[in-house]
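As structure tokens, the structure follows; a few thoughts come after it.
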Amino acid sequence: MSYSQKMGGKRTQTDSGSRSSSSSILQDDQEGFSPTSSNALVLVQNPPIVSSYNERIRPMLDAIDKLRNLMVMEEGIQLPTIVVVGDQSSGKSSVLESLAGISLPRGWGICTRVPLIMRLQHHSDPEPELSLEYNGRVEHTDEDNISEDIVNATNLIAGDCKGISDTPLTLLVKKNGVPDLTMVDLPGITRVPVRGQPLNIADQIKDMIMKYIKPDESIILNVLSASTDFSTCESISMSRRVDKTGERTLAVVTKVDMAPEGLLEKVTADDVHIGLGYVCVRNRIRDEEYEEARAIADRLFETDPFLSKIDKSMVGIQVLADKLVQIQAASIARNLPDIVKKINDKLNSYLSDLNKMPKKLSSVAEAMTAVMQIIGASKESLKKILVRGEFDEFPDDKHMHCTARLVEMLNKCSDQLHECNVSDPKSNFLKEEIAILEEAKGITLPNFVPHNAFLLVLQGKVKGISSIPIEFVEQVWSYIEDVVLSVLIRNTENYYHVQLSARRAGHNLIEKMKQRSINWMTEIVEMEKLTDYTCNPEYISEWHRLMTEQETFIKKVLHDYLILGPNAKININVEGIGMVEVGGLRKYPHVLLSQAFDLKMRMTAYWNVVLRRLIDIMALHLQLSVSNFVNKDMEIEIMNDLLGPNHGGGIERMLEEPPSIAVKRQKLIKSIKKLKESKEVVCKVMDDRFTHTDYLV
């Protein structure tokens with residue numbers, strides 16, 4: 001059964017044999033390669049540094065390289081990568097040349113100006129195959145011209161100056177004897193820009209390096225010169241920033257023949273926490289043949305009084321090659337299941353996003369159907385939040401819990417009506433009433449309250465609160481407009497032309513509704529000014545209750561005047577009103593005080609009825625207006641805008657997909673295609689892993 005059919009299949013019995021084979025390979029790697037070892041004899045008969053892992057890791061490494069070529073990393077899926085970093089002139093190029101068996105660009109300044117992805121593949125054909133891939137093109141080359149061709153390709157990518165570029169250049173080396181490795185060589189760390197380089201070249205290089213070494217899947221190959229203090233190397237500092245324990249950092253110490261003394265102590269003390277260990281190598285001099293350079297290095301590590309003390313498992317290009325292949329194989333095996341999962345998760349997510357995108361419309365009938373579905377969905381959402389008080393579509397957005405917010409606005413309006421100055425019965429107690437009564441008196445019986453006096457007081461109070469209901473109406477419709485447009489925009493986000501019509505129609509309709517409400521509320525206020533009327537029995541009962549203290553109040557005012565004198569301040573607690581100051585009332589006669597008190601209590605009782613009536617009417621009007629808006633008016637207004645003479649043609653324009661939607665659709669289709677191809681690649685290699693014997697412990 002294949003991996004794609006059974007992700008969790010059990011291991012076969014052949015795995016144990018594979019582990020034994022693998023264990024012996026690992027043991028050979030740890031023993032090192034001295035000239036007298038059995039491993040060295042193999043190297044005499046076989047290509048120089050080909051690794052014993054090659055045949056078994058090749059399919060997995062090919063799969064990772066294919067994923068890299070598919071640019072799956074653009075989808076946020078990191079791949080196991082050996083990243084080569086080091087200070088400028090640390091010997092990076094020499095190390096890579098020894099591994100690849102080819103000459104790389106050398107010279108002063110930055111030789112590597114772009115990420116150089118080196119894909120080394122051992123093959124049996126004695127004739128090497130070399131090619132460069134960049135900017136969508138493939139150029140074949142050979143060993144004699146590879147260095148010059150890399151320089152030319154780099155200039156095409158990064159320019160002829162000395163700047164750098166993050167666009168990668170891939171070098172494929174198929175050669176008899178090279179280890180199966182894929183590495184990314186990055187520009188050497190520099191501190192001072194030279195002529196022709198940007199002033200911030202050092203920061204650019206560090207940013208590029210951090211981008212490549214930060215992912216947990218990256219293996220950091222840190223190239224250090226033997227003569228430097230490891231603890232002060234910038235490359236060490238950067239790698240420790242992202243790999244604090246050093247578990248994914250391997251150090252290569254170069255130029256050991258130039259500073260052999262004390263090197264043993266430096267690599268064994270490990271003051272800088274290199275978790276994957278050190279490998280010491282001698283740099284090849286330019287005119288040396290590769291076999292000659294390896295033989296010189298072997299003699300150096302055997303005969304030098306300082307270098308010969310270093311364990312053979314820590315010296316030589318062969319050891320470095322085997323370590324890198326082993327580390328690479330373990331990293332790929334460890335990360336491959338997670339890569340498979342991430343590819344599947346991303347693919348499912350993108351497929352879901354694509355399915356959620358609007359269907360491309362091909363006819364006016366389809367467009368009309370889409371419009372009706374949009375209007376229907378919007379009406380249902382607005383019914384829920386504006387009429388029924390349901391907010392399951394916006395559980396965490398309290399602004400969209402509309403009925404609760406509308407009640408809060410109504411309560412606030414009620415508080416404003418009751419708390420404004422004209423609604424305070426204690427303010428200028430009886431003085432306004434007395435002033436109006438004195439001007440409204442006529443040739444009538446003295447103990448009757450003139451009706452016109454009552455109307456004058458009422459009209460003054462209504463005028464004092466007339467702006468509050470209008471402000472309430474404006475505030476409510478501004479809030480409703482915000483809510484309605486939010487719902488319409490959400491439901492029309494995939495149809496730009498419908499969204500324009502919906503926004504325009506929603507705004508225009510709400511302006512009409514608001515003006516209608518303002519006109520209606522203004523008429524209600526005018527009705528309250530025109531006359532006084534209520535059939536509410538609470539008016540009579542409240543007036544009778546308030547009038548029970550009329551005579552007591554008047555006696556206190558006049559009696560205290562006789563006792564305390566005309567200049568004394570007197571406060572009296574009036575039932576239903578509160579504590580009032582009455583010092584200024586002592587100069588008025590009993591009949592006028594009696595009329596004023598009666599007028600005050602009638603108005604107090606009636607004013608409570610007026611305020612409650614205003615609030616009730618506003619609430620009922622609001623409910624009716626919102627219901628009509630949602631159920632009838634909105635749909636008509638939007639359709640008129642889409643089909644009308646001023647902004648018509650919106651239905652036909654729906655057939656033209658907006659650029660933003662088209663770009664998003666193409667991007668999703670491209671990513672889905674990429675991820676499907678990537679899935680095929682990884683599923684095949686996973687199938688092979690379960691089909692054949694495993695090679696890892």
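Ligands are numbered from 1 in the order shown, residues from 1 within each chain, and chains are lettered A, B, ... in the order they appear in the structure tokens.
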Item to complete: Based on DSSP run over this structure's backbone, return all residues of range 170-264 of chain A in helix (DSSP H, G or I), as number ranges by chain.
Response: A: 201-213, 230-232, 234-242, 256-258, 263-264
Would you output that residue set with N, CA and C atoms, as a short mmCIF file (atom, residue, chain, number, x, y, z; two decimals), in the first residue's frame?
data_model
loop_
_atom_site.label_atom_id
_atom_site.label_comp_id
_atom_site.auth_asym_id
_atom_site.auth_seq_id
_atom_site.Cartn_x
_atom_site.Cartn_y
_atom_site.Cartn_z
N ILE A 201 25.61 47.95 2.37
CA ILE A 201 25.83 46.61 1.84
C ILE A 201 25.93 45.58 2.97
N ALA A 202 26.54 45.96 4.09
CA ALA A 202 26.69 45.03 5.21
C ALA A 202 25.33 44.63 5.74
N ASP A 203 24.44 45.61 5.90
CA ASP A 203 23.09 45.31 6.40
C ASP A 203 22.31 44.47 5.40
N GLN A 204 22.48 44.75 4.11
CA GLN A 204 21.78 43.95 3.09
C GLN A 204 22.20 42.48 3.16
N ILE A 205 23.51 42.26 3.31
CA ILE A 205 24.01 40.88 3.38
C ILE A 205 23.51 40.18 4.63
N LYS A 206 23.54 40.90 5.77
CA LYS A 206 23.05 40.29 7.02
C LYS A 206 21.57 39.95 6.93
N ASP A 207 20.79 40.83 6.32
CA ASP A 207 19.35 40.56 6.17
C ASP A 207 19.13 39.32 5.31
N MET A 208 19.92 39.19 4.23
CA MET A 208 19.78 38.02 3.37
C MET A 208 20.15 36.75 4.13
N ILE A 209 21.24 36.81 4.87
CA ILE A 209 21.68 35.63 5.63
C ILE A 209 20.63 35.24 6.66
N MET A 210 20.10 36.22 7.38
CA MET A 210 19.09 35.92 8.41
C MET A 210 17.85 35.29 7.79
N LYS A 211 17.48 35.73 6.61
CA LYS A 211 16.31 35.17 5.94
C LYS A 211 16.51 33.67 5.68
N TYR A 212 17.73 33.28 5.33
CA TYR A 212 17.99 31.88 5.00
C TYR A 212 18.26 31.01 6.22
N ILE A 213 18.88 31.55 7.25
CA ILE A 213 19.25 30.70 8.40
C ILE A 213 18.20 30.68 9.50
N PHE A 230 37.03 32.64 17.16
CA PHE A 230 35.67 32.21 16.82
C PHE A 230 34.61 33.05 17.53
N SER A 231 34.88 33.43 18.74
CA SER A 231 33.87 34.13 19.54
C SER A 231 33.56 35.53 19.01
N THR A 232 34.44 36.07 18.16
CA THR A 232 34.21 37.42 17.63
C THR A 232 33.72 37.39 16.18
N GLU A 234 31.42 37.39 13.12
CA GLU A 234 30.05 37.86 12.90
C GLU A 234 29.13 36.72 12.48
N SER A 235 29.66 35.77 11.69
CA SER A 235 28.82 34.65 11.24
C SER A 235 28.39 33.78 12.42
N ILE A 236 29.28 33.62 13.40
CA ILE A 236 28.93 32.86 14.61
C ILE A 236 27.86 33.60 15.40
N SER A 237 28.05 34.89 15.52
CA SER A 237 27.08 35.71 16.25
C SER A 237 25.69 35.60 15.61
N MET A 238 25.63 35.64 14.29
CA MET A 238 24.34 35.56 13.60
C MET A 238 23.70 34.19 13.74
N SER A 239 24.51 33.14 13.62
CA SER A 239 23.94 31.80 13.73
C SER A 239 23.45 31.53 15.15
N ARG A 240 24.18 32.04 16.16
CA ARG A 240 23.74 31.84 17.54
C ARG A 240 22.45 32.60 17.83
N ARG A 241 22.21 33.67 17.08
CA ARG A 241 20.97 34.43 17.28
C ARG A 241 19.74 33.61 16.92
N VAL A 242 19.87 32.73 15.90
CA VAL A 242 18.72 31.94 15.47
C VAL A 242 18.82 30.48 15.91
N VAL A 256 43.84 25.77 7.87
CA VAL A 256 44.45 25.22 9.10
C VAL A 256 45.97 25.22 9.00
N ASP A 257 46.52 25.15 7.79
CA ASP A 257 47.97 25.11 7.65
C ASP A 257 48.61 26.46 7.98
N MET A 258 47.78 27.52 8.02
CA MET A 258 48.30 28.86 8.29
C MET A 258 48.27 29.19 9.79
N LEU A 263 44.81 25.10 17.54
CA LEU A 263 43.54 24.79 16.88
C LEU A 263 42.81 23.65 17.59
N LEU A 264 43.57 22.66 18.06
CA LEU A 264 42.95 21.54 18.77
C LEU A 264 42.13 22.04 19.96
#
Worksheet item: Leaving out range 155-169 of chain A and any residue of its chain fewer than 4 positions from it, which residues lie within 12 Å of it when counting only C-alpha atoms, given as a count of residues only?
Response: 54
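Coordinates place CA of Leu250 in chain A at a distance of 6.2 Å from CA of Ile274 in chain A.
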Worksheet item: What is the CA of Glu265 in chain A to CA of Val325 in chain A distance in Å?
Response: 26.6 Å
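When only C-alpha atoms are used to measure the gap to Ile385 in chain A, the shortest distance among A:Met634, A:Ile317, A:Val626, A:Ile518 belongs to A:Val626.
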Discussion item. To test your reading of the structure, identify every residue in range 241-477 of chain A that backbone DSSP assigns to strand (DSSP E), and report it as an MDAnalysis selection string.
Written reply: chainID A and resid 249:254 278:280
Would you save the residues from that selection as a PDB file, in the first residue's frame, using C-alpha atoms?
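The file below, part-v8.pdb, is the result:
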ATOM      1  CA  THR A 249      25.101  24.466  13.152  1.00  0.00           C
ATOM      2  CA  LEU A 250      28.180  22.740  11.731  1.00  0.00           C
ATOM      3  CA  ALA A 251      31.506  24.605  11.650  1.00  0.00           C
ATOM      4  CA  VAL A 252      34.184  24.198   8.967  1.00  0.00           C
ATOM      5  CA  VAL A 253      37.583  25.527   9.971  1.00  0.00           C
ATOM      6  CA  THR A 254      39.633  26.543   6.932  1.00  0.00           C
ATOM      7  CA  TYR A 278      33.764  20.952  13.725  1.00  0.00           C
ATOM      8  CA  VAL A 279      35.562  19.775  10.598  1.00  0.00           C
ATOM      9  CA  CYS A 280      39.033  21.138   9.883  1.00  0.00           C
TER      10      CYS A 280
END
Discussion item. Taking only C-alpha atoms into account, name the residue in A:Glu635, A:Glu433, A:Glu439, A:Glu261 that is nearest to Arg602 in chain A.
Written reply: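 For Arg602 in chain A, the nearest of the given residues is A:Glu433.
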Discussion item. I'd like the interatomic distance between CA of Ile77 in chain A and CA of Val682 in chain A, to a tenth of an Å.
Written reply: 12.9 Å
Discussion item. Need to verify the contact set: Leu300 in chain A, 12 Å, only C-alpha atoms, exclusion of same-chain residues closer than 3 positions in sequence. Can you return it as a ChimeraX atom specification?
Written reply: /A:34-35,255-258,260,280-283,293-297,303-310,312,315-316
Identify, on the basis of only C-alpha atoms, every residue whose closest approach to range 61-65 of chain A does not exceed 12 Å; exclude the query and any residue fewer than 6 positions from it along the same chain; express the result as a short mmCIF file (atom, residue, chain, number, x, y, z; two decimals) with N, CA, C and O atoms, in the first residue's frame.
data_model
loop_
_atom_site.label_atom_id
_atom_site.label_comp_id
_atom_site.auth_asym_id
_atom_site.auth_seq_id
_atom_site.Cartn_x
_atom_site.Cartn_y
_atom_site.Cartn_z
N TYR A 53 26.09 7.24 1.15
CA TYR A 53 24.65 7.47 1.25
C TYR A 53 24.00 7.75 -0.10
O TYR A 53 22.78 7.73 -0.23
N ASN A 54 24.77 8.07 -1.12
CA ASN A 54 24.24 8.68 -2.33
C ASN A 54 23.01 7.99 -2.91
O ASN A 54 22.00 8.61 -3.21
N GLU A 55 23.12 6.66 -3.11
CA GLU A 55 22.05 5.97 -3.81
C GLU A 55 20.74 6.03 -3.04
O GLU A 55 19.66 6.02 -3.62
N MET A 71 9.31 26.36 -6.33
CA MET A 71 9.22 27.56 -5.48
C MET A 71 8.11 27.43 -4.44
O MET A 71 7.34 28.36 -4.19
N VAL A 72 8.04 26.22 -3.83
CA VAL A 72 7.02 26.00 -2.81
C VAL A 72 7.28 26.86 -1.57
O VAL A 72 6.37 27.12 -0.78
N MET A 73 8.52 27.35 -1.42
CA MET A 73 8.83 28.21 -0.28
C MET A 73 8.06 29.54 -0.36
O MET A 73 7.86 30.20 0.66
N ILE A 77 6.20 27.38 2.96
CA ILE A 77 6.63 26.03 3.35
C ILE A 77 8.15 25.98 3.26
O ILE A 77 8.72 26.04 2.17
N GLN A 78 8.81 25.90 4.39
CA GLN A 78 10.26 25.89 4.43
C GLN A 78 10.81 24.50 4.12
O GLN A 78 10.21 23.48 4.49
N LEU A 79 11.94 24.45 3.44
CA LEU A 79 12.57 23.18 3.05
C LEU A 79 13.88 23.00 3.79
O LEU A 79 14.57 23.98 4.10
N PRO A 80 14.27 21.73 4.05
CA PRO A 80 15.59 21.48 4.65
C PRO A 80 16.68 22.00 3.72
O PRO A 80 16.74 21.61 2.55
N THR A 81 17.52 22.88 4.22
CA THR A 81 18.51 23.55 3.38
C THR A 81 19.82 23.69 4.13
O THR A 81 19.83 24.10 5.29
N ILE A 82 20.91 23.33 3.48
CA ILE A 82 22.24 23.61 4.03
C ILE A 82 22.64 25.00 3.56
O ILE A 82 22.79 25.24 2.36
N ILE A 117 22.61 28.44 -5.34
CA ILE A 117 22.11 27.12 -4.95
C ILE A 117 22.93 26.07 -5.70
O ILE A 117 22.84 25.95 -6.92
N MET A 118 23.77 25.36 -4.97
CA MET A 118 24.66 24.35 -5.57
C MET A 118 24.04 22.97 -5.41
O MET A 118 23.91 22.47 -4.29
N ARG A 119 23.65 22.38 -6.51
CA ARG A 119 23.08 21.03 -6.50
C ARG A 119 24.14 20.06 -7.03
O ARG A 119 24.44 20.06 -8.24
N LEU A 120 24.72 19.29 -6.14
CA LEU A 120 25.76 18.33 -6.51
C LEU A 120 25.13 16.95 -6.64
O LEU A 120 24.44 16.48 -5.73
N GLN A 121 25.37 16.30 -7.80
CA GLN A 121 24.81 14.97 -8.03
C GLN A 121 25.91 14.06 -8.59
O GLN A 121 26.52 14.38 -9.62
N THR A 170 21.02 28.98 -9.64
CA THR A 170 21.19 27.55 -9.35
C THR A 170 22.30 26.97 -10.22
O THR A 170 22.28 27.13 -11.46
N LEU A 171 23.24 26.31 -9.58
CA LEU A 171 24.34 25.62 -10.28
C LEU A 171 24.14 24.12 -10.10
O LEU A 171 24.18 23.62 -8.97
N LEU A 172 23.88 23.42 -11.19
CA LEU A 172 23.73 21.97 -11.15
C LEU A 172 25.03 21.32 -11.63
O LEU A 172 25.50 21.59 -12.74
N PRO A 179 29.58 14.30 -3.79
CA PRO A 179 28.52 13.82 -2.89
C PRO A 179 27.17 14.39 -3.31
O PRO A 179 27.10 15.46 -3.91
N ASP A 180 26.11 13.67 -2.99
CA ASP A 180 24.77 14.18 -3.28
C ASP A 180 24.41 15.22 -2.22
O ASP A 180 24.02 14.88 -1.10
N LEU A 181 24.52 16.48 -2.59
CA LEU A 181 24.27 17.58 -1.66
C LEU A 181 23.59 18.73 -2.39
O LEU A 181 23.83 18.94 -3.58
N THR A 182 22.77 19.44 -1.67
CA THR A 182 22.26 20.72 -2.15
C THR A 182 22.56 21.76 -1.08
O THR A 182 22.16 21.61 0.07
N MET A 183 23.29 22.80 -1.47
CA MET A 183 23.69 23.85 -0.52
C MET A 183 23.37 25.21 -1.12
O MET A 183 23.34 25.38 -2.34
N VAL A 184 23.17 26.18 -0.24
CA VAL A 184 22.96 27.56 -0.67
C VAL A 184 24.13 28.39 -0.15
O VAL A 184 24.29 28.55 1.07
N VAL A 325 26.24 15.01 4.11
CA VAL A 325 25.26 14.09 3.52
C VAL A 325 24.42 13.45 4.62
O VAL A 325 23.19 13.32 4.51
N GLN A 326 25.08 13.05 5.70
CA GLN A 326 24.38 12.41 6.82
C GLN A 326 23.41 13.40 7.47
O GLN A 326 22.25 13.08 7.72
N GLN A 328 22.16 16.12 6.16
CA GLN A 328 21.13 16.44 5.19
C GLN A 328 20.08 15.35 5.13
O GLN A 328 18.87 15.62 5.13
N ALA A 329 20.51 14.09 5.10
CA ALA A 329 19.57 12.97 5.03
C ALA A 329 18.68 12.93 6.26
O ALA A 329 17.46 12.74 6.16
N ALA A 330 19.28 13.12 7.43
CA ALA A 330 18.49 13.10 8.68
C ALA A 330 17.50 14.25 8.71
O ALA A 330 16.35 14.10 9.13
N SER A 331 17.94 15.42 8.25
CA SER A 331 17.06 16.59 8.25
C SER A 331 15.89 16.40 7.31
O SER A 331 14.73 16.71 7.65
N ILE A 332 16.17 15.86 6.11
CA ILE A 332 15.09 15.62 5.15
C ILE A 332 14.10 14.60 5.70
O ILE A 332 12.88 14.80 5.65
N ALA A 333 14.64 13.50 6.24
CA ALA A 333 13.76 12.46 6.79
C ALA A 333 12.92 12.99 7.94
O ALA A 333 11.74 12.65 8.08
N ASN A 335 12.01 16.16 8.47
CA ASN A 335 11.09 17.24 8.08
C ASN A 335 10.09 16.85 7.02
O ASN A 335 9.08 17.55 6.85
N LEU A 336 10.34 15.75 6.30
CA LEU A 336 9.48 15.42 5.17
C LEU A 336 8.02 15.20 5.56
O LEU A 336 7.12 15.73 4.88
N ILE A 339 6.49 18.52 6.01
CA ILE A 339 6.34 19.20 4.72
C ILE A 339 5.09 18.68 4.00
O ILE A 339 4.31 19.46 3.44
N VAL A 340 4.91 17.35 4.04
CA VAL A 340 3.71 16.76 3.43
C VAL A 340 2.45 17.35 4.06
O VAL A 340 1.51 17.74 3.37
N GLU A 677 1.39 19.77 -7.71
CA GLU A 677 2.62 19.18 -8.24
C GLU A 677 3.57 18.81 -7.09
O GLU A 677 4.21 17.76 -7.12
N SER A 678 3.63 19.68 -6.09
CA SER A 678 4.49 19.41 -4.93
C SER A 678 4.00 18.18 -4.18
O SER A 678 4.80 17.35 -3.71
N LYS A 679 2.67 18.06 -4.07
CA LYS A 679 2.11 16.89 -3.38
C LYS A 679 2.46 15.60 -4.10
O LYS A 679 2.79 14.59 -3.47
N GLU A 680 2.40 15.63 -5.43
CA GLU A 680 2.77 14.44 -6.21
C GLU A 680 4.23 14.07 -5.96
O GLU A 680 4.57 12.89 -5.81
N VAL A 681 5.09 15.09 -5.89
CA VAL A 681 6.52 14.84 -5.68
C VAL A 681 6.75 14.17 -4.32
O VAL A 681 7.44 13.15 -4.23
N VAL A 682 6.17 14.75 -3.26
CA VAL A 682 6.44 14.21 -1.92
C VAL A 682 5.74 12.89 -1.69
O VAL A 682 6.27 12.00 -1.01
N CYS A 683 4.55 12.72 -2.26
CA CYS A 683 3.86 11.44 -2.10
C CYS A 683 4.63 10.31 -2.77
O CYS A 683 4.70 9.20 -2.24
N LYS A 684 5.24 10.61 -3.91
CA LYS A 684 6.02 9.58 -4.59
C LYS A 684 7.22 9.16 -3.76
O LYS A 684 7.50 7.97 -3.60
N VAL A 685 7.93 10.13 -3.21
CA VAL A 685 9.11 9.78 -2.42
C VAL A 685 8.71 9.10 -1.12
O VAL A 685 9.40 8.20 -0.64
N MET A 686 7.56 9.49 -0.55
CA MET A 686 7.09 8.82 0.66
C MET A 686 6.64 7.40 0.34
O MET A 686 6.87 6.47 1.12
N ASP A 688 7.96 5.56 -1.96
CA ASP A 688 9.20 4.81 -2.12
C ASP A 688 9.80 4.44 -0.77
O ASP A 688 10.35 3.36 -0.59
#
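When only C-alpha atoms are used to compute distances to Leu320 in chain A, the closest of the residues A:Met527, A:Met372, A:Leu276, A:Leu458 turns out to be A:Leu276.
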Worksheet, complete the sentence: Closest of A:Gln318, A:Gly246, A:Glu438, A:Tyr290 to Asp270 in chain A, counting only C-alpha atoms, is A:Gly246
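Nearest residue to Lys412 in chain A among A:Met314, A:Val476, A:Ala377, A:Ala453 is A:Val476, counting only C-alpha atoms.
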